[in-house]
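Colleague: Sharing input-v8.cif, mmCIF, C-alpha atoms:
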data_target
loop_
_atom_site.group_PDB
_atom_site.id
_atom_site.type_symbol
_atom_site.label_atom_id
_atom_site.label_comp_id
_atom_site.auth_asym_id
_atom_site.auth_seq_id
_atom_site.Cartn_x
_atom_site.Cartn_y
_atom_site.Cartn_z
ATOM 1 C CA MET A 1 10.228 -28.810 11.032
ATOM 2 C CA PRO A 2 13.942 -29.153 10.030
ATOM 3 C CA PRO A 3 15.854 -25.820 9.906
ATOM 4 C CA SER A 4 16.562 -26.064 6.163
ATOM 5 C CA ARG A 5 12.876 -26.582 5.411
ATOM 6 C CA ARG A 6 11.960 -23.718 7.752
ATOM 7 C CA SER A 7 14.423 -21.389 5.953
ATOM 8 C CA SER A 8 13.019 -22.395 2.597
ATOM 9 C CA LEU A 9 9.468 -21.701 3.841
ATOM 10 C CA ILE A 10 10.462 -18.257 5.134
ATOM 11 C CA VAL A 11 12.216 -17.250 1.898
ATOM 12 C CA THR A 12 9.402 -18.555 -0.310
ATOM 13 C CA ALA A 13 6.686 -16.879 1.769
ATOM 14 C CA CYS A 14 8.517 -13.529 1.758
ATOM 15 C CA LEU A 15 9.174 -13.762 -1.989
ATOM 16 C CA PHE A 16 5.506 -14.506 -2.675
ATOM 17 C CA ALA A 17 4.528 -11.637 -0.368
ATOM 18 C CA TYR A 18 6.700 -9.267 -2.382
ATOM 19 C CA LEU A 19 5.508 -10.470 -5.785
ATOM 20 C CA VAL A 20 1.789 -10.201 -5.075
ATOM 21 C CA PRO A 21 0.340 -8.511 -1.971
ATOM 22 C CA GLY A 22 -1.394 -11.164 0.134
ATOM 23 C CA LEU A 23 0.134 -14.150 -1.669
ATOM 24 C CA GLY A 24 2.607 -14.753 1.171
ATOM 25 C CA HIS A 25 -0.267 -15.029 3.644
ATOM 26 C CA LEU A 26 -2.170 -17.350 1.314
ATOM 27 C CA TYR A 27 0.972 -19.516 1.059
ATOM 28 C CA LEU A 28 1.065 -19.687 4.871
ATOM 29 C CA ARG A 29 -2.653 -20.619 4.855
ATOM 30 C CA GLN A 30 -3.725 -17.301 6.364
ATOM 31 C CA TRP A 31 -6.688 -17.166 4.014
ATOM 32 C CA VAL A 32 -8.632 -14.197 5.373
ATOM 33 C CA LYS A 33 -5.609 -11.941 5.758
ATOM 34 C CA GLY A 34 -4.305 -12.939 2.340
ATOM 35 C CA ILE A 35 -7.550 -12.130 0.563
ATOM 36 C CA VAL A 36 -8.023 -8.858 2.462
ATOM 37 C CA PHE A 37 -4.492 -7.681 1.585
ATOM 38 C CA LEU A 38 -4.846 -8.829 -2.009
ATOM 39 C CA VAL A 39 -8.087 -6.886 -2.463
ATOM 40 C CA ALA A 40 -7.272 -3.774 -0.391
ATOM 41 C CA ILE A 41 -3.715 -3.190 -1.623
ATOM 42 C CA GLY A 42 -4.608 -4.285 -5.154
ATOM 43 C CA LEU A 43 -7.478 -1.797 -5.214
ATOM 44 C CA LEU A 44 -5.248 0.959 -3.881
ATOM 45 C CA PHE A 45 -2.702 0.339 -6.645
ATOM 46 C CA GLY A 46 -5.343 -0.109 -9.357
ATOM 47 C CA LEU A 47 -7.171 3.075 -8.384
ATOM 48 C CA GLY A 48 -3.833 4.891 -8.375
ATOM 49 C CA LEU A 49 -3.172 3.779 -11.944
ATOM 50 C CA ALA A 50 -6.723 4.771 -12.910
ATOM 51 C CA MET A 51 -5.972 8.238 -11.515
ATOM 52 C CA ASP A 52 -2.935 8.566 -13.823
ATOM 53 C CA ALA A 53 -0.154 7.755 -11.383
ATOM 54 C CA ARG A 54 3.354 8.308 -12.752
ATOM 55 C CA LEU A 55 5.573 5.236 -12.731
ATOM 56 C CA VAL A 56 8.458 6.978 -14.476
ATOM 57 C CA LEU A 57 11.841 6.368 -12.847
ATOM 58 C CA PRO A 58 13.738 9.562 -12.004
ATOM 59 C CA THR A 59 17.012 10.051 -13.849
ATOM 60 C CA GLY A 60 20.027 11.267 -11.909
ATOM 61 C CA TRP A 61 20.221 12.370 -8.269
ATOM 62 C CA GLY A 62 18.626 15.784 -8.698
ATOM 63 C CA ASP A 63 15.412 14.784 -6.962
ATOM 64 C CA PRO A 64 16.113 12.218 -4.214
ATOM 65 C CA LEU A 65 12.510 12.313 -2.987
ATOM 66 C CA ALA A 66 11.273 11.232 -6.427
ATOM 67 C CA LEU A 67 13.692 8.295 -6.219
ATOM 68 C CA LEU A 68 12.275 7.291 -2.826
ATOM 69 C CA ARG A 69 8.737 7.532 -4.217
ATOM 70 C CA SER A 70 9.700 5.267 -7.121
ATOM 71 C CA ILE A 71 11.227 2.733 -4.720
ATOM 72 C CA ALA A 72 7.975 2.794 -2.733
ATOM 73 C CA GLN A 73 6.061 2.020 -5.940
ATOM 74 C CA MET A 74 8.462 -0.823 -6.794
ATOM 75 C CA ALA A 75 7.679 -2.454 -3.427
ATOM 76 C CA MET A 76 4.318 -3.320 -4.976
ATOM 77 C CA GLY A 77 6.014 -6.208 -6.765
ATOM 78 C CA LEU A 78 4.649 -7.816 -9.935
ATOM 79 C CA PRO A 79 1.697 -5.435 -10.486
ATOM 80 C CA TYR A 80 4.158 -2.536 -10.704
ATOM 81 C CA PHE A 81 6.337 -4.260 -13.297
ATOM 82 C CA ILE A 82 3.319 -5.468 -15.280
ATOM 83 C CA ALA A 83 1.952 -1.910 -15.357
ATOM 84 C CA ARG A 84 5.309 -0.615 -16.568
ATOM 85 C CA HIS A 85 5.501 -3.397 -19.163
ATOM 86 C CA LEU A 86 2.069 -2.318 -20.417
ATOM 87 C CA GLU A 87 3.395 1.253 -20.505
ATOM 88 C CA ILE A 88 0.866 2.469 -17.968
ATOM 89 C CA GLY A 89 2.027 5.592 -16.153
ATOM 90 C CA LEU A 90 5.014 6.111 -18.418
ATOM 91 C CA ASP A 91 3.691 9.234 -20.123
ATOM 92 C CA ASP A 92 6.436 11.833 -20.592
ATOM 93 C CA ARG A 93 4.190 14.664 -19.472
ATOM 94 C CA LEU A 94 4.710 15.599 -15.829
ATOM 95 C CA VAL A 95 1.048 16.516 -15.371
ATOM 96 C CA LYS A 96 -1.238 14.191 -17.273
ATOM 97 C CA SER A 97 -4.462 14.928 -15.402
ATOM 98 C CA VAL A 98 -5.722 16.709 -12.307
ATOM 99 C CA THR A 99 -5.673 13.481 -10.319
ATOM 100 C CA HIS A 100 -2.110 12.389 -11.123
ATOM 101 C CA GLU A 101 -0.743 13.374 -7.684
ATOM 102 C CA TYR A 102 -3.470 11.402 -5.930
ATOM 103 C CA GLY A 103 -2.761 8.504 -8.243
ATOM 104 C CA SER A 104 0.952 8.534 -7.454
ATOM 105 C CA THR A 105 0.208 8.755 -3.727
ATOM 106 C CA PHE A 106 -2.165 5.783 -3.939
ATOM 107 C CA THR A 107 0.445 3.651 -5.722
ATOM 108 C CA GLU A 108 3.229 4.669 -3.317
ATOM 109 C CA ALA A 109 1.055 3.924 -0.291
ATOM 110 C CA ALA A 110 0.181 0.527 -1.801
ATOM 111 C CA GLY A 111 3.885 -0.302 -2.135
ATOM 112 C CA LEU A 112 4.666 0.814 1.413
ATOM 113 C CA LEU A 113 1.746 -1.206 2.788
ATOM 114 C CA ASN A 114 3.125 -4.216 0.924
ATOM 115 C CA VAL A 115 6.404 -3.769 2.826
ATOM 116 C CA LEU A 116 4.456 -3.988 6.107
ATOM 117 C CA VAL A 117 2.632 -7.039 4.778
ATOM 118 C CA MET A 118 5.976 -8.668 3.915
ATOM 119 C CA LEU A 119 7.213 -8.040 7.471
ATOM 120 C CA ASP A 120 4.003 -9.611 8.800
ATOM 121 C CA VAL A 121 4.583 -12.669 6.593
ATOM 122 C CA TYR A 122 8.139 -12.932 7.930
ATOM 123 C CA ASP A 123 6.913 -12.754 11.543
ATOM 124 C CA ILE A 124 4.354 -15.497 10.907
ATOM 125 C CA ALA A 125 6.839 -17.678 9.008
ATOM 126 C CA VAL A 126 9.461 -17.524 11.794
ATOM 127 C CA GLY A 127 6.814 -18.189 14.431
ATOM 128 C CA ARG A 128 6.780 -14.792 16.131
ATOM 129 C CA LYS A 129 3.101 -14.332 15.305
ATOM 130 C CA THR A 130 0.395 -16.930 15.080
ATOM 131 C CA SER A 131 -2.017 -15.045 12.840
ATOM 132 C CA MET B 1 -12.178 9.958 -9.246
ATOM 133 C CA THR B 2 -11.832 13.742 -9.271
ATOM 134 C CA SER B 3 -13.504 14.378 -5.918
ATOM 135 C CA HIS B 4 -11.021 15.200 -3.155
ATOM 136 C CA LEU B 5 -13.426 13.944 -0.501
ATOM 137 C CA LEU B 6 -14.069 10.642 -2.266
ATOM 138 C CA ALA B 7 -10.330 10.087 -2.774
ATOM 139 C CA LEU B 8 -9.757 10.791 0.929
ATOM 140 C CA LEU B 9 -12.503 8.405 2.018
ATOM 141 C CA VAL B 10 -11.415 5.576 -0.296
ATOM 142 C CA PHE B 11 -7.732 5.947 0.611
ATOM 143 C CA SER B 12 -8.496 6.088 4.350
ATOM 144 C CA ALA B 13 -10.812 3.085 4.180
ATOM 145 C CA LEU B 14 -8.358 0.854 2.302
ATOM 146 C CA VAL B 15 -5.351 1.799 4.433
ATOM 147 C CA SER B 16 -7.384 1.409 7.646
ATOM 148 C CA VAL B 17 -8.426 -2.115 6.671
ATOM 149 C CA VAL B 18 -4.805 -3.135 6.041
ATOM 150 C CA PHE B 19 -3.620 -1.556 9.320
ATOM 151 C CA ALA B 20 -6.421 -3.231 11.256
ATOM 152 C CA PHE B 21 -5.531 -6.684 9.918
ATOM 153 C CA LEU B 22 -1.818 -6.115 10.537
ATOM 154 C CA GLN B 23 -2.143 -4.766 14.058
ATOM 155 C CA ARG B 24 -5.020 -6.727 15.597
ATOM 156 C CA ASP B 25 -5.885 -10.426 15.631
ATOM 157 C CA GLU B 26 -9.441 -10.526 16.972
ATOM 158 C CA PRO B 27 -12.325 -9.546 14.660
ATOM 159 C CA LYS B 28 -13.894 -7.128 17.150
ATOM 160 C CA ALA B 29 -10.548 -5.482 17.901
ATOM 161 C CA ARG B 30 -9.897 -5.180 14.145
ATOM 162 C CA VAL B 31 -13.191 -3.358 13.594
ATOM 163 C CA GLN B 32 -12.573 -0.976 16.505
ATOM 164 C CA PHE B 33 -8.970 -0.274 15.491
ATOM 165 C CA GLY B 34 -9.891 0.128 11.818
ATOM 166 C CA LEU B 35 -12.630 2.627 12.638
ATOM 167 C CA LYS B 36 -10.257 4.594 14.857
ATOM 168 C CA VAL B 37 -7.587 4.754 12.138
ATOM 169 C CA PHE B 38 -10.195 5.719 9.537
ATOM 170 C CA ALA B 39 -11.552 8.494 11.780
ATOM 171 C CA GLY B 40 -7.990 9.632 12.487
ATOM 172 C CA PHE B 41 -7.216 9.945 8.774
ATOM 173 C CA VAL B 42 -10.416 11.826 7.943
ATOM 174 C CA LEU B 43 -10.464 14.147 10.950
ATOM 175 C CA SER B 44 -6.765 15.008 10.715
ATOM 176 C CA THR B 45 -7.207 15.837 7.023
ATOM 177 C CA PHE B 46 -10.033 18.257 7.809
ATOM 178 C CA LEU B 47 -8.017 19.750 10.692
ATOM 179 C CA ILE B 48 -4.899 20.263 8.561
ATOM 180 C CA GLY B 49 -7.087 21.609 5.741
ATOM 181 C CA TRP B 50 -8.574 24.240 8.036
ATOM 182 C CA LEU B 51 -5.153 25.112 9.478
ATOM 183 C CA MET B 52 -3.915 25.720 5.913
ATOM 184 C CA PHE B 53 -6.984 27.784 5.002
ATOM 185 C CA PRO B 54 -5.312 31.180 5.797
ATOM 186 C CA PHE B 55 -2.333 30.257 3.576
ATOM 187 C CA PRO B 56 -3.752 29.434 0.134
ATOM 188 C CA ARG B 57 -0.368 29.752 -1.652
#
Translate the structure described by the file into structure tokens.
Modeller:
Amino acid sequence: MPPSRRSSLIVTACLFAYLVPGLGHLYLRQWVKGIVFLVAIGLLFGLGLAMDARLVLPTGWGDPLALLRSIAQMAMGLPYFIARHLEIGLDDRLVKSVTHEYGSTFTEAAGLLNVLVMLDVYDIAVGRKTS
Amino acid sequence: MTSHLLALLVFSALVSVVFAFLQRDEPKARVQFGLKVFAGFVLSTFLIGWLMFPFPR
């Protein structure tokens, strides 16, 4: 494969992997992994939203940990931005329900897992891993 | 999902599956690794829970 085509494949695969968990693997024809990541990480994020996760961005630098948690949620890609667009998790109340902390943890873990999935896609795309 | 135990089990199961597929390539190795990670999550949660028992606040 010519280097320019290889670079384009790597960038596209990583972009797809960021946008939707598992899509990068599906693009690289890693069907089983792609579907497993799509379902498992998607479920984790969806259950988090169902448990009233907060997707509110922190304002200012008063709570750096909250900023890191928001960045972790953003790593989920399109589902995160769609949820925000639909105004899910944007309630002003800090405590919306008894499960909101679990919900936030589920969504943050989903985003962080998607980062690992993106790294896996990169390794496969550059040829470091075969599957 | 208001049950702590159910939330723990669901979270551990989903994360274990992702870890298993990221870290192992063979199906048998994935199952073994996934079960180990799942057991690690659940057992460590109970252990930490009991360690925190004397300090409720």
Colleague: Would you write out, as a tab-separated table, a table of all residues in chain B that have an atom no more than 10 Å from an atom of chain A, listing for each the closest atom pair and the distance in Å to one decimal, considering all atoms listed in the file and ordering rows by chain and rising residue number?
Modeller:
residue	atom	partner	partner_atom	distance
B:Met1	CA	A:Met51	CA	6.8
B:Thr2	CA	A:Thr99	CA	6.3
B:Ser3	CA	A:Thr99	CA	9.0
B:His4	CA	A:Tyr102	CA	8.9
B:Ala7	CA	A:Tyr102	CA	7.7
B:Leu8	CA	A:Tyr102	CA	9.3
B:Val10	CA	A:Leu44	CA	8.5
B:Phe11	CA	A:Leu44	CA	7.2
B:Ala13	CA	A:Ala40	CA	9.0
B:Leu14	CA	A:Ala40	CA	5.5
B:Val15	CA	A:Ala40	CA	7.6
B:Ser16	CA	A:Ala40	CA	9.6
B:Val17	CA	A:Ala40	CA	7.3
B:Val18	CA	A:Phe37	CA	6.4
B:Phe19	CA	A:Leu113	CA	8.5
B:Phe21	CA	A:Lys33	CA	6.7
B:Leu22	CA	A:Asp120	CA	7.0
B:Gln23	CA	A:Asp120	CA	9.4
B:Arg24	CA	A:Ser131	CA	9.3
B:Asp25	CA	A:Ser131	CA	6.6
B:Glu26	CA	A:Ser131	CA	9.6
Colleague: Translate the PyMOL selection byres ((chain A and resi 9-16) around 8) into a concrete residue list for this structure, as an mmCIF file with C-alpha atoms, in the frame of the given file.
Modeller:
data_model
loop_
_atom_site.group_PDB
_atom_site.id
_atom_site.type_symbol
_atom_site.label_atom_id
_atom_site.label_comp_id
_atom_site.auth_asym_id
_atom_site.auth_seq_id
_atom_site.Cartn_x
_atom_site.Cartn_y
_atom_site.Cartn_z
ATOM 1 C CA ARG A 5 12.876 -26.582 5.411
ATOM 2 C CA ARG A 6 11.960 -23.718 7.752
ATOM 3 C CA SER A 7 14.423 -21.389 5.953
ATOM 4 C CA SER A 8 13.019 -22.395 2.597
ATOM 5 C CA ALA A 17 4.528 -11.637 -0.368
ATOM 6 C CA TYR A 18 6.700 -9.267 -2.382
ATOM 7 C CA LEU A 19 5.508 -10.470 -5.785
ATOM 8 C CA VAL A 20 1.789 -10.201 -5.075
ATOM 9 C CA PRO A 21 0.340 -8.511 -1.971
ATOM 10 C CA LEU A 23 0.134 -14.150 -1.669
ATOM 11 C CA GLY A 24 2.607 -14.753 1.171
ATOM 12 C CA HIS A 25 -0.267 -15.029 3.644
ATOM 13 C CA TYR A 27 0.972 -19.516 1.059
ATOM 14 C CA LEU A 28 1.065 -19.687 4.871
ATOM 15 C CA MET A 118 5.976 -8.668 3.915
ATOM 16 C CA VAL A 121 4.583 -12.669 6.593
ATOM 17 C CA TYR A 122 8.139 -12.932 7.930
ATOM 18 C CA ALA A 125 6.839 -17.678 9.008
ATOM 19 C CA VAL A 126 9.461 -17.524 11.794
#
Colleague: Neighbours of Gly111 (chain A) within 7 Å (only C-alpha atoms; same-chain residues fewer than 2 positions away dropped), as a PyMOL selection string?
Modeller: chain A and resi 72-76+107-109+113-115
Colleague: Taking 3 positions as the minimum chain separation for residues in the same chain, which residues sit within 12 Å of Leu57 (chain A) when counting all atoms listed in the file? Answer as a PyMOL selection string.
Modeller: chain A and resi 54+60-61+63-74+80-81+84+89-92
Colleague: Tell me, in Å to one decimal, how far CA of Val37 (chain B) is from CA of Leu9 (chain B).
Modeller: 11.8 Å
Colleague: Mind pulling up the distance from CA of Phe45 (chain A) to CA of Ser44 (chain B)?
Modeller: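 If I compute the distance from CA of Ser44 (chain B) to CA of Phe45 (chain A), I get 23.1 Å.
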Colleague: Give me the residues of region 8-44 of chain B that have any atom at most 12 Å from an atom of region 48-54 of chain B; for each, the nearest atom pair and the distance in Å, rounded to one decimal. Use only C-alpha atoms, sort by chain and number, and format it as a tab-separated table.
Modeller:
residue	atom	partner	partner_atom	distance
B:Gly40	CA	B:Ile48	CA	11.7
B:Phe41	CA	B:Ile48	CA	10.6
B:Val42	CA	B:Ile48	CA	10.1
B:Leu43	CA	B:Ile48	CA	8.6
B:Ser44	CA	B:Ile48	CA	6.0
Colleague: Can you work out the spacing between CA of Phe46 (chain B) and CA of Ser12 (chain B) in Å, to one decimal?
Modeller: 12.7 Å
